[in-house]
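Here's the structure we're looking at; comments come further down.
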Amino acid sequence: MILSSGVSMTLRDNTIILIGLGAALIWWILESAIHVVVFGEGTFIRQLFSPDSHELWMRTLTFVVIVAFGICAQISFNRQKQAEVEVRKAHASLDQIFQTAADGMRVVDRDFNVLRVNDTFLNLAGIRRNEVAGRKCYEVFSGPLCHTPDCPLTRILAGEESVTGEIEKEKRDGSRVPCLLTATPFRQPDGELIGIVEDFRDITELKHTQEELKKHRDHLQELVEQRTAELTESNEQLRQEIAERRRVEEEIRFRNIILSTEQETSPDCILVVDETRKIISFNRCFIDLWEIPDEVISSQSEERVLQSVMEKLSDPEGFLARVNYLYAHKEERIYEEILLKDGGILERNTAPMLGQDGRYYGRVWYFRDITGRKQAEEKLKRFNEELEQQVRQRTDEINASLQEKVLLLREIHHRVKNNLQIIISLINLQMRQIDDKQLKQVMAETQNRVKAISLVHEKLYQSKDISHIDLYDYTRFLVSQLFAFYGVHSRKVTVNIDIGKIILDINTAIPLGLILNELVSNSLKHAFPDGSEGKWEISISIGKQNDTLSIRVMDNGTGIPADVDWRNAESLGFRLVVSLVEQLDGTIEREPGEGTRFLIRVHQAVDESGKSRGTCNPVAE
């Protein structure tokens with residue numbers, strides 16, 4: 001089979017040579033037949049196999065020429081055939097490359113008709129192959145540059161050799177896909193433009209990558225800016241901290257100078273030791289007080305200093321035990337006195353040096369010679385005892401004298417009250433002998449005025465403080481006496497008393513009592529008609545603000561007629577009220593409203609310890 005196959009291939013590949021060889025053989029036979037038939041030269045066999053030399057040469061030459069021609073023709077034919085095979089192979093290879101290319105490829109002619117597309121293009125455009133045939137490029141895979149001068153195909157037709165750029169194309173489903181487009185012309189060997197080859201590379205992932213890269217770059221830029229800002233801020237803070245530290249160090253140096261100066265100028269003898277009981281600071285006063293040698297203090301050994309001062313103490317063992325106790329109890333603060341052998345007294349004060357975190361840094365000891373002060377205190381103590389004895393003795397004498405004067409004052413108030421009561425009794429006896437009702441009424445009013453004055457002395461006599469009376473209690477009792485005198489029952493007229501806890505002296509109480517007596521008496525006599533029905537009220541309110549007393553007396557009765565000039569009235573009552581108000585350096589005004597309303601303001605320094613309100617029942621009193 002291999003042999004037959006090889007022979008077939010040989011025969012197939014050398015057909016022209018075989019035809020030429022056959023033609024030469026046919027020509028050899030035909031010429032032999034012509035010589036026999038036409039010229040009658042010998043037999044056909046002789047002419048075929050044994051021609052004469054001339055004929056043999058001619059036939060051989062013809063045979064060779066025909067065979068050579070056939071060989072040349074076969075060689076030319078084989079070359080042409082091989083070229084066609086190579087072209088077909090190249091076309092097949094190019095077509096395979098075109099179809100299997102990773103990029104979408106499309107070939108359009110000069111009229112924008114789609115000639116060929118590959119599978120990648122179909123997938124990229126989202127269409128089927130049968131939907132491409134006979135359609136325009138902008139109908140298959142359109143984009144924003146179609147029908148514009150910037151269209152890559154239009155630019156190729158205008159003469160550009162290659163157009164590359166990014167473009168968005170619309171798929172069949174309406175979605176858009178970003179592509180990297182490369183358009184190149186497709187020409188005849190003579191340069192005539194046949195069509196245009198378009199290469200579409202899907203750069204969606206690239207776009208996503210670029211977008212992510214941009215976001216990452218922006219994020220990195222933001223981080224860099226943020227870090228730069230943080231570093232700048234840190235540098236600024238560091239600079240400020242350095243400046244602050246330098247300022248603090250300078251302040252510390254300055255404070256150390258101040259502390260050193262204060263330590264040296266302090267009246268206290270100061271010794272400072274650290275947590276290891278090493279001496280770190282002291283002043284000259286400390287050295288002079290204990291007479292410590294320079295070599296001892298310069299050793300910075302507290303143990304040597306203690307040994308140096310032991311011989312000056314009256315109780316060295318107790319002193320040493322106390323020092324050890326304080327170092328064992330680091331947070332202890334103590335103040336105590338130390339006795340010296342020579343009779344001197346030292347004041348010792350010590351406190352720990354603690355940081356803000358509570359760390360123990362050592363202890364500060366303060367010593368001060370208080371011998372002179374103790375001696376002065378002892379003398380002062382003896383002097384104070386003598387002085388206290390003298391003061392107690394003198395106080396007893398003054399209290400005894402004061403008690404006698406208080407008793408005398410009480411007796412005076414009591415006698416004044418009794419004398420006024422005698423006057424009231426005399427007036428009462430005189431009234432029994434008088435038949436004139438008007439005169440009897442005048443004497444009765446005078447009797448009430450005396451009673452108001454007498455009541456002041458009675459309250460002072462009964463009070464613990466013989467120079468002041470309670471205004472509320474006095475007013476309540478005064479009003480009760482007036483109700484009883486005029487025979488007015490509390491069920492007919494109600495008295496409302498609103499007075500704070502006000503204490504008055506006698507110089508204010510007497511004129512104020514007379515004023516209240518006149519105003520209340522006026523209301524009881526004239527404000528409420530006989531036989532009238534209604535809810536009649538008399539209100540008395542007294543308040544204090546700063547050093548001013550405000551007295552308001554009012555009733556809801558008939559009131560004073562509008563044409564009556566009460567300030568210049570002929571009656572003694574109103575003239576007495578106005579005179580007493582002026583005597584107290586005060587003012588009196590009549591307020592508008594129902595009934596009779598008077599407001600009196602008196603400037604008087606009084607004591608006030610509280611507030612009391614109440615309603616007086618005169619009959620019950």
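Going by the structure tokens order, chains are called A, B, ..., each with residues numbered from 1, while ligands are numbered from 1 in the order shown.
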
Need the shell around range 307-315 of chain A: protein/DNA/RNA residues with any atom at most 7 Å away, counting only C-alpha atoms. Skip same-chain ones fewer than 5 positions apart. Format as a compact mmCIF listing (two decimals) with all heavy atoms, in the first residue's frame?
```
# COMPACT_ATOMS: atom_id res chain seq x y z
N TRP A 290 22.90 73.18 114.90
CA TRP A 290 23.45 71.95 115.52
C TRP A 290 24.96 71.97 115.62
O TRP A 290 25.57 71.02 116.13
CB TRP A 290 23.03 70.73 114.70
CG TRP A 290 21.54 70.49 114.72
CD1 TRP A 290 20.64 70.77 113.76
CD2 TRP A 290 20.79 69.90 115.80
NE1 TRP A 290 19.38 70.41 114.13
CE2 TRP A 290 19.43 69.85 115.40
CE3 TRP A 290 21.14 69.41 117.07
CZ2 TRP A 290 18.42 69.34 116.20
CZ3 TRP A 290 20.12 68.90 117.87
CH2 TRP A 290 18.78 68.87 117.44
N ILE A 292 27.32 71.61 113.30
CA ILE A 292 27.82 70.43 112.61
C ILE A 292 29.12 70.79 111.89
O ILE A 292 29.16 71.79 111.14
CB ILE A 292 26.78 69.92 111.61
CG1 ILE A 292 25.48 69.56 112.36
CG2 ILE A 292 27.29 68.71 110.84
CD1 ILE A 292 24.34 69.17 111.46
N LEU A 339 13.75 68.65 123.43
CA LEU A 339 14.47 69.31 124.53
C LEU A 339 15.97 69.07 124.39
O LEU A 339 16.41 67.95 124.10
CB LEU A 339 13.98 68.75 125.87
CG LEU A 339 12.51 69.00 126.20
CD1 LEU A 339 12.16 68.36 127.56
CD2 LEU A 339 12.20 70.50 126.22
N LEU A 340 16.74 70.13 124.60
CA LEU A 340 18.19 70.04 124.55
C LEU A 340 18.75 69.97 125.98
O LEU A 340 18.07 70.32 126.96
CB LEU A 340 18.78 71.25 123.82
CG LEU A 340 18.29 71.47 122.39
CD1 LEU A 340 18.94 72.72 121.81
CD2 LEU A 340 18.56 70.27 121.51
N LYS A 341 19.99 69.50 126.07
CA LYS A 341 20.64 69.38 127.39
C LYS A 341 20.81 70.72 128.07
O LYS A 341 20.75 70.83 129.30
CB LYS A 341 22.00 68.71 127.24
CG LYS A 341 21.92 67.22 126.97
CD LYS A 341 23.32 66.63 126.89
CE LYS A 341 23.28 65.12 126.66
NZ LYS A 341 24.64 64.53 126.59
```

Worksheet item: Among range 136-335 of chain A, which residues carry a DSSP assignment of alpha helix (DSSP H), reported as a PyMOL selection string?
Response: chain A and resi 137-140+152-157+204-265+284-290+294-298+302-310+316-328

Dump as a short mmCIF file (atom, residue, chain, number, x, y, z; two decimals), in the first residue's frame, selection limited to C-alpha atoms:
```
data_model
loop_
_atom_site.label_atom_id
_atom_site.label_comp_id
_atom_site.auth_asym_id
_atom_site.auth_seq_id
_atom_site.Cartn_x
_atom_site.Cartn_y
_atom_site.Cartn_z
CA CYS A 137 -20.87 48.21 10.74
CA TYR A 138 -22.83 50.81 12.72
CA GLU A 139 -25.85 48.48 12.70
CA VAL A 140 -23.86 45.63 14.21
CA PRO A 152 -12.05 55.58 12.95
CA LEU A 153 -13.32 54.18 9.62
CA THR A 154 -13.97 57.67 8.31
CA ARG A 155 -10.45 58.70 9.31
CA ILE A 156 -8.95 55.64 7.54
CA LEU A 157 -10.90 56.49 4.40
CA THR A 204 -13.70 46.28 30.95
CA GLU A 205 -11.45 44.49 33.38
CA LEU A 206 -8.71 46.95 32.55
CA LYS A 207 -11.10 49.80 33.29
CA HIS A 208 -12.11 48.14 36.53
CA THR A 209 -8.47 47.61 37.33
CA GLN A 210 -7.69 51.22 36.45
CA GLU A 211 -10.63 52.39 38.56
CA GLU A 212 -9.50 50.23 41.46
CA LEU A 213 -5.96 51.44 40.88
CA LYS A 214 -7.21 55.03 40.85
CA LYS A 215 -9.16 54.43 44.04
CA HIS A 216 -6.12 52.76 45.55
CA ARG A 217 -3.93 55.62 44.36
CA ASP A 218 -6.41 58.18 45.74
CA HIS A 219 -6.56 56.21 48.98
CA LEU A 220 -2.79 56.09 49.11
CA GLN A 221 -2.68 59.80 48.34
CA GLU A 222 -5.20 60.42 51.11
CA LEU A 223 -3.18 58.24 53.48
CA VAL A 224 0.00 60.04 52.44
CA GLU A 225 -1.67 63.42 52.99
CA GLN A 226 -3.13 62.22 56.28
CA ARG A 227 0.21 60.81 57.37
CA THR A 228 1.92 63.97 56.19
CA ALA A 229 -0.55 66.02 58.20
CA GLU A 230 -0.02 63.74 61.19
CA LEU A 231 3.73 64.03 60.81
CA THR A 232 3.41 67.79 60.45
CA GLU A 233 1.21 67.91 63.52
CA SER A 234 3.59 65.57 65.35
CA ASN A 235 6.52 67.75 64.36
CA GLU A 236 4.64 70.82 65.54
CA GLN A 237 3.73 69.07 68.79
CA LEU A 238 7.30 67.92 69.15
CA ARG A 239 8.50 71.45 68.52
CA GLN A 240 6.02 72.75 71.07
CA GLU A 241 7.02 70.02 73.52
CA ILE A 242 10.68 70.91 73.05
CA ALA A 243 9.87 74.58 73.56
CA GLU A 244 7.70 73.69 76.56
CA ARG A 245 10.43 71.47 77.95
CA ARG A 246 12.97 74.24 77.55
CA ARG A 247 10.53 76.63 79.20
CA VAL A 248 9.95 74.15 82.04
CA GLU A 249 13.66 73.56 82.43
CA GLU A 250 14.23 77.30 82.57
CA GLU A 251 11.35 77.62 85.03
CA ILE A 252 12.79 74.78 87.10
CA ARG A 253 16.19 76.47 87.15
CA PHE A 254 14.51 79.71 88.15
CA ARG A 255 12.48 77.96 90.84
CA ASN A 256 15.58 76.20 92.11
CA ILE A 257 17.22 79.58 92.47
CA ILE A 258 14.14 80.86 94.30
CA LEU A 259 13.98 77.76 96.49
CA SER A 260 17.68 78.00 97.25
CA THR A 261 17.28 81.66 98.14
CA GLU A 262 14.18 80.97 100.24
CA GLN A 263 15.95 78.10 101.93
CA GLU A 264 18.87 80.26 102.91
CA THR A 265 16.68 83.18 104.02
CA ARG A 284 23.35 77.46 106.79
CA CYS A 285 20.83 77.80 109.62
CA PHE A 286 20.78 74.00 110.05
CA ILE A 287 24.57 73.83 110.38
CA ASP A 288 24.71 76.72 112.85
CA LEU A 289 21.83 75.37 114.95
CA TRP A 290 23.45 71.95 115.52
CA ASP A 294 32.00 70.89 107.61
CA GLU A 295 33.57 67.46 107.03
CA VAL A 296 30.45 65.77 108.50
CA ILE A 297 27.92 67.70 106.43
CA SER A 298 30.03 67.42 103.27
CA GLU A 302 22.68 61.36 107.50
CA GLU A 303 24.06 58.75 109.93
CA ARG A 304 27.12 60.89 110.67
CA VAL A 305 24.93 63.97 111.12
CA LEU A 306 22.73 62.08 113.60
CA GLN A 307 25.82 61.03 115.58
CA SER A 308 26.94 64.65 115.62
CA VAL A 309 23.68 65.96 117.13
CA MET A 310 23.11 63.15 119.70
CA PRO A 316 19.00 60.92 122.32
CA GLU A 317 17.53 57.37 122.33
CA GLY A 318 13.97 58.67 121.94
CA PHE A 319 15.10 61.09 119.21
CA LEU A 320 16.77 58.29 117.22
CA ALA A 321 13.79 55.96 117.67
CA ARG A 322 11.47 58.69 116.38
CA VAL A 323 13.66 59.29 113.31
CA ASN A 324 13.72 55.58 112.44
CA TYR A 325 9.95 55.36 112.90
CA LEU A 326 9.38 58.24 110.46
CA TYR A 327 11.60 56.66 107.81
CA ALA A 328 9.73 53.36 108.25
#
```

Discussion item. Please identify the strand (DSSP E or B) residues within range 71-212 of chain A (assignment by DSSP from backbone atoms) and present them as a ChimeraX atom specification.
Written reply: /A:104-109,113-117,136,163-170,176-187,193-202

Worksheet entry | All residues 7 Å or closer to Leu504 in chain A, only C-alpha atoms, same chain fewer than 6 positions away omitted, as an MDAnalysis selection string | chainID A and resid 468:471 606

Worksheet item: Excluding same-chain residues fewer than 4 positions from Val273 in chain A, what lies within 9 Å of it counting only C-alpha atoms, as a PyMOL selection string?
Response: chain A and resi 277-282+300+302+361-365

Okay, now the selection with N, CA and C atoms, as a PDB file, in the first residue's frame?
```pdb
ATOM      1  N   ARG A 277      18.110  58.140 102.196  1.00  0.00           N
ATOM      2  CA  ARG A 277      18.575  58.862 103.390  1.00  0.00           C
ATOM      3  C   ARG A 277      19.914  59.557 103.152  1.00  0.00           C
ATOM      4  N   LYS A 278      20.124  59.899 101.886  1.00  0.00           N
ATOM      5  CA  LYS A 278      21.323  60.665 101.544  1.00  0.00           C
ATOM      6  C   LYS A 278      20.960  62.144 101.555  1.00  0.00           C
ATOM      7  N   ILE A 279      21.833  62.960 102.179  1.00  0.00           N
ATOM      8  CA  ILE A 279      21.579  64.394 102.273  1.00  0.00           C
ATOM      9  C   ILE A 279      21.754  65.030 100.895  1.00  0.00           C
ATOM     10  N   ILE A 280      20.707  65.717 100.428  1.00  0.00           N
ATOM     11  CA  ILE A 280      20.786  66.370  99.112  1.00  0.00           C
ATOM     12  C   ILE A 280      20.688  67.886  99.213  1.00  0.00           C
ATOM     13  N   SER A 281      20.225  68.413 100.368  1.00  0.00           N
ATOM     14  CA  SER A 281      20.135  69.865 100.499  1.00  0.00           C
ATOM     15  C   SER A 281      20.055  70.240 101.987  1.00  0.00           C
ATOM     16  N   PHE A 282      20.564  71.439 102.303  1.00  0.00           N
ATOM     17  CA  PHE A 282      20.504  71.972 103.664  1.00  0.00           C
ATOM     18  C   PHE A 282      20.815  73.465 103.564  1.00  0.00           C
ATOM     19  N   GLN A 300      27.551  64.023 103.206  1.00  0.00           N
ATOM     20  CA  GLN A 300      26.173  63.741 102.785  1.00  0.00           C
ATOM     21  C   GLN A 300      25.606  62.489 103.461  1.00  0.00           C
ATOM     22  N   GLU A 302      23.592  60.987 106.432  1.00  0.00           N
ATOM     23  CA  GLU A 302      22.684  61.360 107.503  1.00  0.00           C
ATOM     24  C   GLU A 302      23.084  60.673 108.820  1.00  0.00           C
ATOM     25  N   TYR A 361      10.032  60.379  97.387  1.00  0.00           N
ATOM     26  CA  TYR A 361      11.326  60.874  96.933  1.00  0.00           C
ATOM     27  C   TYR A 361      12.276  61.210  98.090  1.00  0.00           C
ATOM     28  N   GLY A 362      11.768  61.199  99.295  1.00  0.00           N
ATOM     29  CA  GLY A 362      12.619  61.535 100.426  1.00  0.00           C
ATOM     30  C   GLY A 362      11.829  62.278 101.482  1.00  0.00           C
ATOM     31  N   ARG A 363      12.519  62.981 102.363  1.00  0.00           N
ATOM     32  CA  ARG A 363      11.865  63.654 103.483  1.00  0.00           C
ATOM     33  C   ARG A 363      12.554  64.996 103.745  1.00  0.00           C
ATOM     34  N   VAL A 364      11.744  65.977 104.182  1.00  0.00           N
ATOM     35  CA  VAL A 364      12.238  67.308 104.521  1.00  0.00           C
ATOM     36  C   VAL A 364      12.085  67.495 106.031  1.00  0.00           C
ATOM     37  N   TRP A 365      13.159  67.954 106.652  1.00  0.00           N
ATOM     38  CA  TRP A 365      13.160  68.202 108.099  1.00  0.00           C
ATOM     39  C   TRP A 365      13.303  69.701 108.329  1.00  0.00           C
TER      40      TRP A 365
END
```

Discussion item. What's around Lys169 in chain A at 8 Å? Count only C-alpha atoms, leave out sequence neighbours fewer than 2 positions away in its own chain, and write the answer as a list in words.
Written reply: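 Near neighbours after the sequence-gap exclusion: Phe141, Ser142, Gly143, Pro144, Ile167, Lys171, Arg176, Val177, Pro178 and Cys179 of chain A.
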
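Between CA of Glu537 in chain A and CA of Pro561 in chain A lies a distance of 18.9 Å.
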
Discussion item. List the spatial neighbours of Asp103 in chain A as JSON, numbers by chain - criterion: any atom at most 12 Å away, only C-alpha atoms, same-chain residues fewer than 6 positions off excluded.
Written reply: {"A": [97, 117, 118, 119, 120, 121, 122, 123, 124, 125, 179, 180, 181, 182, 198, 199, 200, 201, 202, 203]}
